[in-house]
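> I am sharing final27.txt, which consists of compact mmCIF, C-alpha atoms:
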# COMPACT_ATOMS: atom_id res chain seq x y z
CA MET A 1 0.00 0.00 0.00
CA LYS A 2 1.23 3.48 -0.77
CA TYR A 3 1.37 6.11 1.95
CA GLY A 4 2.34 9.77 1.98
CA ILE A 5 2.41 12.76 4.35
CA ALA A 6 1.02 16.17 3.46
CA ILE A 7 -0.20 19.48 4.83
CA PHE A 8 -3.57 20.76 3.64
CA PRO A 9 -3.56 24.56 3.77
CA SER A 10 -6.67 26.61 4.66
CA LYS A 11 -9.84 26.36 2.60
CA LYS A 12 -9.08 29.80 1.15
CA LEU A 13 -5.69 28.72 -0.16
CA GLN A 14 -7.04 25.37 -1.36
CA ASP A 15 -9.83 27.16 -3.27
CA LEU A 16 -7.25 29.44 -4.90
CA ALA A 17 -5.02 26.48 -5.85
CA ASN A 18 -8.01 24.54 -7.20
CA SER A 19 -8.99 27.44 -9.48
CA TYR A 20 -5.75 26.66 -11.36
CA ARG A 21 -5.59 22.91 -10.76
CA LYS A 22 -9.01 22.46 -12.32
CA ARG A 23 -7.52 23.49 -15.66
CA TYR A 24 -3.86 22.52 -15.34
CA ASP A 25 -3.48 19.58 -12.95
CA PRO A 26 -4.63 16.07 -13.97
CA HIS A 27 -4.40 15.10 -10.25
CA TYR A 28 -7.09 17.65 -9.41
CA ALA A 29 -9.67 15.00 -8.46
CA LEU A 30 -7.26 12.66 -6.66
CA ILE A 31 -6.23 14.78 -3.66
CA PRO A 32 -6.98 18.27 -2.30
CA PRO A 33 -4.31 20.98 -2.77
CA HIS A 34 -1.40 20.20 -0.45
CA ILE A 35 2.24 20.58 0.51
CA THR A 36 3.97 17.21 0.33
CA LEU A 37 6.11 16.53 3.41
CA LYS A 38 6.92 12.94 2.54
CA GLU A 39 6.68 11.56 -0.99
CA ALA A 40 4.57 8.46 -1.66
CA PHE A 41 6.23 5.35 -0.24
CA GLU A 42 5.33 1.68 -0.12
CA ALA A 43 4.62 0.17 3.32
CA ASP A 44 2.63 -2.69 4.79
CA GLU A 45 0.26 -2.23 7.71
CA ASP A 46 2.75 -3.43 10.35
CA THR A 47 5.36 -0.94 9.18
CA ILE A 48 2.82 1.88 9.33
CA GLN A 49 1.73 0.87 12.84
CA GLU A 50 5.39 1.07 13.91
CA MET A 51 5.79 4.40 12.16
CA ILE A 52 2.79 6.14 13.73
CA PRO A 53 4.25 6.55 17.25
CA LYS A 54 7.38 8.04 15.64
CA LEU A 55 5.21 10.48 13.69
CA HIS A 56 3.37 11.42 16.89
CA GLN A 57 6.67 12.00 18.62
CA ILE A 58 7.83 14.28 15.81
CA SER A 59 4.56 16.22 15.74
CA ASP A 60 4.50 16.52 19.55
CA GLU A 61 8.01 17.97 19.48
CA SER A 62 7.25 20.35 16.59
CA LYS A 63 5.56 23.73 16.79
CA PRO A 64 2.90 25.37 14.61
CA PHE A 65 4.41 27.70 12.03
CA ASN A 66 3.45 30.41 9.57
CA LEU A 67 2.91 29.30 6.01
CA ASN A 68 3.77 32.05 3.56
CA VAL A 69 2.84 31.57 -0.09
CA TYR A 70 4.36 34.38 -2.10
CA LYS A 71 4.65 33.63 -5.81
CA ALA A 72 4.32 31.11 -8.61
CA GLY A 73 7.29 28.84 -9.38
CA SER A 74 8.16 26.09 -11.84
CA PHE A 75 10.32 22.95 -11.80
CA SER A 76 10.97 23.30 -15.55
CA PRO A 77 13.13 22.10 -17.31
CA THR A 78 13.23 19.08 -14.90
CA ASN A 79 9.43 18.83 -14.85
CA ASN A 80 6.66 20.93 -16.34
CA VAL A 81 5.25 21.48 -12.89
CA ILE A 82 3.89 24.88 -11.85
CA TYR A 83 3.37 25.59 -8.18
CA LEU A 84 2.72 28.18 -5.51
CA LYS A 85 6.02 28.81 -3.79
CA VAL A 86 6.09 28.41 0.00
CA LYS A 87 8.64 30.42 1.95
CA GLU A 88 11.32 28.24 3.57
CA ASP A 89 10.26 28.58 7.19
CA GLU A 90 12.74 27.02 9.64
CA LYS A 91 10.09 24.98 11.49
CA LEU A 92 8.65 23.65 8.23
CA MET A 93 12.09 22.66 6.89
CA SER A 94 12.98 20.94 10.15
CA LEU A 95 9.66 19.08 10.22
CA GLN A 96 10.15 17.80 6.68
CA GLU A 97 13.69 16.71 7.51
CA LYS A 98 12.56 14.78 10.59
CA LEU A 99 9.86 13.03 8.58
CA ASN A 100 12.48 11.81 6.14
CA SER A 101 15.43 10.80 8.29
CA ASP A 102 16.56 7.99 10.60
CA GLY A 103 13.84 5.38 10.99
CA LEU A 104 11.66 7.25 8.52
CA LYS A 105 13.89 7.19 5.44
CA THR A 106 11.83 5.95 2.52
CA GLY A 107 12.86 6.05 -1.11
CA GLN A 108 14.95 8.70 -2.77
CA SER A 109 15.50 12.01 -1.06
CA TYR A 110 15.35 15.22 -3.04
CA ALA A 111 16.21 18.69 -1.84
CA PHE A 112 12.97 19.90 -0.25
CA VAL A 113 11.34 22.80 -2.08
CA PRO A 114 8.10 23.46 -0.19
CA HIS A 115 5.30 24.10 -2.68
CA ILE A 116 1.66 23.62 -3.61
CA THR A 117 1.37 22.13 -7.10
CA ILE A 118 -1.19 23.89 -9.30
CA GLY A 119 -0.23 22.49 -12.72
CA GLN A 120 1.55 19.37 -13.98
CA GLU A 121 1.97 17.11 -17.02
CA LEU A 122 1.70 20.23 -19.19
CA SER A 123 3.10 20.44 -22.72
CA ASP A 124 6.11 22.75 -23.09
CA ALA A 125 3.96 25.35 -24.85
CA GLU A 126 1.17 25.19 -22.29
CA HIS A 127 3.65 25.28 -19.41
CA SER A 128 5.32 28.35 -20.84
CA ASP A 129 2.01 30.18 -21.43
CA VAL A 130 0.57 29.45 -18.00
CA TYR A 131 3.78 30.14 -16.11
CA GLN A 132 4.37 33.46 -17.90
CA SER A 133 0.90 34.65 -16.97
CA LEU A 134 1.11 33.37 -13.36
CA LYS A 135 4.48 34.98 -12.74
CA MET A 136 2.78 38.37 -13.16
CA LYS A 137 0.19 37.69 -10.47
CA ASP A 138 0.46 39.27 -7.08
CA ILE A 139 0.30 36.34 -4.67
CA ASN A 140 0.68 36.75 -0.93
CA TYR A 141 -0.93 34.47 1.63
CA GLU A 142 0.05 33.92 5.21
CA GLU A 143 -1.60 31.52 7.60
CA LYS A 144 -0.86 29.25 10.54
CA VAL A 145 -0.22 25.54 10.04
CA ASP A 146 -0.86 23.36 13.08
CA ARG A 147 -1.23 19.85 11.66
CA PHE A 148 -0.25 17.36 8.98
CA GLN A 149 -1.92 14.25 7.65
CA LEU A 150 -0.87 10.69 6.88
CA LEU A 151 -2.67 9.42 3.78
CA TYR A 152 -2.89 6.22 1.75
CA GLN A 153 -3.62 5.73 -1.90
CA LEU A 154 -6.55 3.80 -3.33
CA GLU A 155 -6.38 1.70 -6.51
CA ASN A 156 -7.87 4.54 -8.57
CA GLY A 157 -4.99 6.84 -7.58
CA SER A 158 -6.98 8.96 -5.09
CA TRP A 159 -5.84 9.52 -1.51
CA THR A 160 -7.66 8.94 1.81
CA VAL A 161 -6.55 10.51 5.09
CA PHE A 162 -5.61 7.91 7.69
CA GLU A 163 -4.54 10.09 10.60
CA THR A 164 -4.06 13.71 11.69
CA PHE A 165 -0.95 14.82 13.58
CA HIS A 166 -0.97 18.08 15.54
CA LEU A 167 2.13 20.25 15.76
CA GLY A 168 2.89 20.61 19.43
CA LYS A 169 1.35 18.35 22.02
CA VAL A 170 -2.30 19.37 22.24
CA ARG A 171 -4.03 16.57 24.10
CA MET B 1 -18.11 26.75 5.70
CA LYS B 2 -19.63 23.29 5.39
CA TYR B 3 -18.45 20.50 7.65
CA GLY B 4 -19.35 16.82 7.92
CA ILE B 5 -18.30 13.70 9.84
CA ALA B 6 -17.57 10.38 8.17
CA ILE B 7 -15.91 7.01 8.53
CA PHE B 8 -13.59 5.87 5.77
CA PRO B 9 -13.59 2.07 5.65
CA SER B 10 -10.48 0.02 4.75
CA LYS B 11 -8.72 0.47 1.42
CA LYS B 12 -10.15 -2.89 0.32
CA LEU B 13 -13.73 -1.79 0.91
CA GLN B 14 -13.09 1.65 -0.58
CA ASP B 15 -11.64 0.04 -3.71
CA LEU B 16 -14.72 -2.17 -4.01
CA ALA B 17 -17.08 0.80 -3.55
CA ASN B 18 -15.11 2.87 -6.07
CA SER B 19 -15.43 0.15 -8.71
CA TYR B 20 -19.17 0.98 -8.70
CA ARG B 21 -18.94 4.69 -7.86
CA LYS B 22 -16.72 5.29 -10.87
CA ARG B 23 -19.68 4.47 -13.09
CA TYR B 24 -22.69 5.34 -10.95
CA ASP B 25 -21.79 8.12 -8.51
CA PRO B 26 -21.23 11.70 -9.73
CA HIS B 27 -19.60 12.44 -6.33
CA TYR B 28 -16.88 9.87 -7.11
CA ALA B 29 -14.12 12.50 -7.37
CA LEU B 30 -15.30 14.68 -4.47
CA ILE B 31 -14.76 12.35 -1.49
CA PRO B 32 -13.48 8.79 -0.92
CA PRO B 33 -16.09 6.09 -0.18
CA HIS B 34 -17.47 6.66 3.31
CA ILE B 35 -20.17 6.14 5.92
CA THR B 36 -21.71 9.49 6.84
CA LEU B 37 -22.05 9.94 10.61
CA LYS B 38 -23.12 13.57 10.47
CA GLU B 39 -24.64 15.17 7.38
CA ALA B 40 -23.07 18.34 5.95
CA PHE B 41 -23.76 21.32 8.20
CA GLU B 42 -22.85 25.00 8.09
CA ALA B 43 -20.52 26.30 10.83
CA ASP B 44 -18.01 29.09 11.32
CA GLU B 45 -14.53 28.47 12.65
CA ASP B 46 -15.36 29.45 16.24
CA THR B 47 -18.26 27.01 16.36
CA ILE B 48 -16.01 24.23 15.06
CA GLN B 49 -13.32 25.04 17.63
CA GLU B 50 -15.98 24.70 20.34
CA MET B 51 -17.24 21.48 18.81
CA ILE B 52 -13.89 19.71 18.58
CA PRO B 53 -13.44 19.03 22.32
CA LYS B 54 -16.98 17.60 22.38
CA LEU B 55 -16.10 15.33 19.47
CA HIS B 56 -12.93 14.21 21.28
CA GLN B 57 -14.96 13.48 24.37
CA ILE B 58 -17.39 11.36 22.35
CA SER B 59 -14.60 9.49 20.56
CA ASP B 60 -12.69 8.94 23.82
CA GLU B 61 -15.82 7.44 25.39
CA SER B 62 -16.60 5.26 22.37
CA LYS B 63 -15.10 1.89 21.51
CA PRO B 64 -13.87 0.44 18.19
CA PHE B 65 -16.51 -1.74 16.54
CA ASN B 66 -16.93 -4.27 13.75
CA LEU B 67 -18.21 -2.91 10.47
CA ASN B 68 -20.20 -5.52 8.61
CA VAL B 69 -21.18 -4.80 5.00
CA TYR B 70 -23.53 -7.49 3.82
CA LYS B 71 -25.62 -6.50 0.79
CA ALA B 72 -26.64 -3.81 -1.65
CA GLY B 73 -29.56 -1.54 -0.72
CA SER B 74 -31.49 1.35 -2.24
CA PHE B 75 -33.31 4.44 -0.94
CA SER B 76 -35.71 4.32 -3.89
CA PRO B 77 -38.44 5.57 -4.27
CA THR B 78 -37.30 8.43 -1.95
CA ASN B 79 -33.96 8.75 -3.74
CA ASN B 80 -32.32 6.80 -6.54
CA VAL B 81 -29.39 6.07 -4.27
CA ILE B 82 -27.76 2.63 -4.27
CA TYR B 83 -25.51 1.69 -1.38
CA LEU B 84 -23.68 -1.05 0.45
CA LYS B 85 -25.71 -1.84 3.52
CA VAL B 86 -23.92 -1.70 6.87
CA LYS B 87 -25.19 -3.87 9.71
CA GLU B 88 -26.71 -1.84 12.56
CA ASP B 89 -24.01 -2.39 15.16
CA GLU B 90 -24.94 -1.04 18.60
CA LYS B 91 -21.67 0.92 19.04
CA LEU B 92 -22.01 2.47 15.59
CA MET B 93 -25.64 3.49 16.18
CA SER B 94 -24.79 4.99 19.56
CA LEU B 95 -21.82 6.89 18.11
CA GLN B 96 -23.97 8.39 15.35
CA GLU B 97 -26.63 9.36 17.88
CA LYS B 98 -24.09 11.11 20.13
CA LEU B 99 -22.70 13.03 17.15
CA ASN B 100 -26.17 14.36 16.40
CA SER B 101 -27.66 15.18 19.78
CA ASP B 102 -27.46 17.80 22.54
CA GLY B 103 -24.84 20.44 21.69
CA LEU B 104 -24.20 18.77 18.34
CA LYS B 105 -27.67 18.99 16.80
CA THR B 106 -27.30 20.43 13.31
CA GLY B 107 -29.99 20.55 10.65
CA GLN B 108 -32.68 17.99 10.12
CA SER B 109 -32.36 14.58 11.67
CA TYR B 110 -33.24 11.50 9.67
CA ALA B 111 -33.46 7.96 10.91
CA PHE B 112 -29.89 6.70 10.60
CA VAL B 113 -29.42 3.96 8.01
CA PRO B 114 -25.67 3.23 8.01
CA HIS B 115 -24.46 2.80 4.44
CA ILE B 116 -21.73 3.40 1.87
CA THR B 117 -23.18 5.11 -1.20
CA ILE B 118 -22.06 3.54 -4.49
CA GLY B 119 -24.56 5.14 -6.90
CA GLN B 120 -26.69 8.30 -6.92
CA GLU B 121 -28.50 10.74 -9.21
CA LEU B 122 -29.38 7.77 -11.41
CA SER B 123 -32.34 7.77 -13.79
CA ASP B 124 -35.18 5.43 -12.79
CA ALA B 125 -34.21 2.99 -15.54
CA GLU B 126 -30.53 3.03 -14.68
CA HIS B 127 -31.27 2.71 -10.96
CA SER B 128 -33.48 -0.28 -11.57
CA ASP B 129 -30.92 -1.99 -13.84
CA VAL B 130 -27.97 -1.47 -11.52
CA TYR B 131 -29.85 -2.34 -8.35
CA GLN B 132 -31.30 -5.54 -9.83
CA SER B 133 -27.84 -6.74 -10.80
CA LEU B 134 -26.24 -5.70 -7.50
CA LYS B 135 -28.90 -7.41 -5.39
CA MET B 136 -27.67 -10.72 -6.80
CA LYS B 137 -24.08 -10.18 -5.70
CA ASP B 138 -22.69 -11.98 -2.73
CA ILE B 139 -21.30 -9.21 -0.53
CA ASN B 140 -19.80 -9.86 2.87
CA TYR B 141 -17.11 -7.74 4.44
CA GLU B 142 -16.19 -7.42 8.07
CA GLU B 143 -13.54 -5.15 9.48
CA LYS B 144 -12.70 -3.10 12.55
CA VAL B 145 -13.44 0.63 12.67
CA ASP B 146 -11.34 2.61 15.13
CA ARG B 147 -11.64 6.23 13.93
CA PHE B 148 -13.80 8.86 12.25
CA GLN B 149 -12.94 12.09 10.47
CA LEU B 150 -14.17 15.67 10.55
CA LEU B 151 -14.11 17.15 7.05
CA TYR B 152 -14.85 20.48 5.38
CA GLN B 153 -16.01 21.21 1.88
CA LEU B 154 -14.13 23.29 -0.68
CA GLU B 155 -15.81 25.58 -3.20
CA ASN B 156 -15.56 22.90 -5.92
CA GLY B 157 -17.63 20.50 -3.78
CA SER B 158 -14.70 18.27 -2.74
CA TRP B 159 -13.94 17.46 0.91
CA THR B 160 -10.71 17.85 2.91
CA VAL B 161 -10.09 16.05 6.21
CA PHE B 162 -9.59 18.45 9.11
CA GLU B 163 -9.14 16.07 12.01
CA THR B 164 -9.08 12.38 12.94
CA PHE B 165 -10.87 11.11 16.06
CA HIS B 166 -9.93 7.74 17.55
CA LEU B 167 -12.56 5.50 19.13
CA GLY B 168 -11.41 4.89 22.66
CA LYS B 169 -8.77 7.00 24.30
CA VAL B 170 -5.49 6.02 22.61
CA ARG B 171 -2.99 8.71 23.53
So, in terms of structure tokens, how does the structure I just supplied come out?

Amino acid sequence: MKYGIAIFPSKKLQDLANSYRKRYDPHYALIPPHITLKEAFEADEDTIQEMIPKLHQISDESKPFNLNVYKAGSFSPTNNVIYLKVKEDEKLMSLQEKLNSDGLKTGQSYAFVPHITIGQELSDAEHSDVYQSLKMKDINYEEKVDRFQLLYQLENGSWTVFETFHLGKVR
Amino acid sequence: MKYGIAIFPSKKLQDLANSYRKRYDPHYALIPPHITLKEAFEADEDTIQEMIPKLHQISDESKPFNLNVYKAGSFSPTNNVIYLKVKEDEKLMSLQEKLNSDGLKTGQSYAFVPHITIGQELSDAEHSDVYQSLKMKDINYEEKVDRFQLLYQLENGSWTVFETFHLGKVR
């Protein structure tokens, strides 16, 4: 079974992201707009049950942080992916690192560029058009993030939330 | 903002439900297969923040239960909705009642028929065809349920999970 870890931003930011995703992201219907903290990885149920206390420990020891979305970005020429760029907050970077190190290493590790994807699998021409127009937009959102979610993938490619983790011990 | 409370069954049961929903349920892309515990209701953020401790109290005081899905059902002639019928387990019925009484009364209350919708907004002819064929199927799933989710709805009609509640105090 495939699992992943993500942050869902506020409804306001998700609605904004979806206004683009609807047209430019073929994954639009598979998962709400999100910031990936841990890329999809394969795990059986026992492994996940062992992982969950570690995730709780990490979330307990973390603190809520400010999410600042400030412009459109692109992973081109590596990938024709267009995204909303998230400012590299120290707490966010440290959280992502913890979720991908030691007992939680899974798969390849890329340099973490926090982002909310709004377009992907675009042709070069489409990518260029959309990105040029988005670069002009004045984007500036700030909000508090106090949780992340562990999800699993269904056979049709869509994702279901399995558990919520709160940043900072709350209960 | 619209909120709702639902149980997501196991991946196996969700995959089964989606094999029908893909063809017969226009809400297929908006939310994973689920058992609704509390119908969509309007609430502002303050109201939800007041509600959450009550939901935790209810989940803490509840116990995990066995979910038994045993045949296809239909709400026709009221609605051309086809669903997987869930056995009326005492713990499930009591949980749904608690989530819809006292300080948590929201909107109209129907008699609770636990189910997983697999088809809706069908024409009479289509409903009749699909239901006739599904009634013949041998369906029998049993699994443990140990959590429910509070969700909110985005502008495009899709649902995002806000928080997970565990049945029985676990942390």
> In Å to one decimal, how far is CA of Tyr141 in chain B from CA of Asn100 in chain B?
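These two atoms are separated by 26.7 Å.
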> So which residues fall inside 6 Å of (-11.8, 6.4, 22.5) if we count only C-alpha atoms? Mind giving them as number ranges by chain?
B: 59-63, 166-169
> Pull C-alpha atoms from the residues just selected and write them as a JSON list (two decimals), in the frame of the given file.

[["chain", "number", "residue", "atom", "x", "y", "z"],
["B", 59, "SER", "CA", -14.60, 9.49, 20.56],
["B", 60, "ASP", "CA", -12.69, 8.94, 23.82],
["B", 61, "GLU", "CA", -15.82, 7.44, 25.39],
["B", 62, "SER", "CA", -16.60, 5.26, 22.37],
["B", 63, "LYS", "CA", -15.10, 1.89, 21.51],
["B", 166, "HIS", "CA", -9.93, 7.74, 17.55],
["B", 167, "LEU", "CA", -12.56, 5.50, 19.13],
["B", 168, "GLY", "CA", -11.41, 4.89, 22.66],
["B", 169, "LYS", "CA", -8.77, 7.00, 24.30]]
> Excluding range 103-117 of chain A and residues on its chain fewer than 2 positions from it, collect all residues at most 9 Å away from it, counting all atoms listed in the file, and give them as a VMD selection string.
chain A and resid 17 21 25 33 to 42 51 54 to 55 69 73 81 to 88 92 to 93 96 to 101 119 to 120
> May I ask for the distance between CA of Pro32 in chain A and CA of Gln14 in chain A, given in Å to one decimal place?
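Interatomic distance, CA of Pro32 in chain A to CA of Gln14 in chain A: 7.2 Å.
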> With 6 Å as the cut-off and only C-alpha atoms counted, what is the closest atom pair between each nearby residue of chain A and chain B? Distances in Å to one decimal, ordered by chain and number, as a Markdown table.

| residue | atom | partner | partner_atom | distance |
| --- | --- | --- | --- | --- |
| A:Ala29 | CA | B:Ala29 | CA | 5.2 |
| A:Glu163 | CA | B:Thr164 | CA | 5.6 |
| A:Thr164 | CA | B:Thr164 | CA | 5.3 |
> At most 12 Å from (3.3, 38.7, -7.8), file frame, all atoms listed in the file: which residues, as a PyMOL selection string?
chain A and resi 69-73+84-85+131-141
> Grab the CA of Lys91 in chain A to CA of Phe65 in chain A distance for me, in Å with one decimal place.
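Straight-line distance from CA of Lys91 in chain A to CA of Phe65 in chain A works out to 6.3 Å.
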> What's the 10 Å shell around Asn79 in chain B, counting all atoms listed in the file, without same-chain residues fewer than 2 positions away, as a ChimeraX atom specification?
/B:74-77,81-82,120-122,124,127
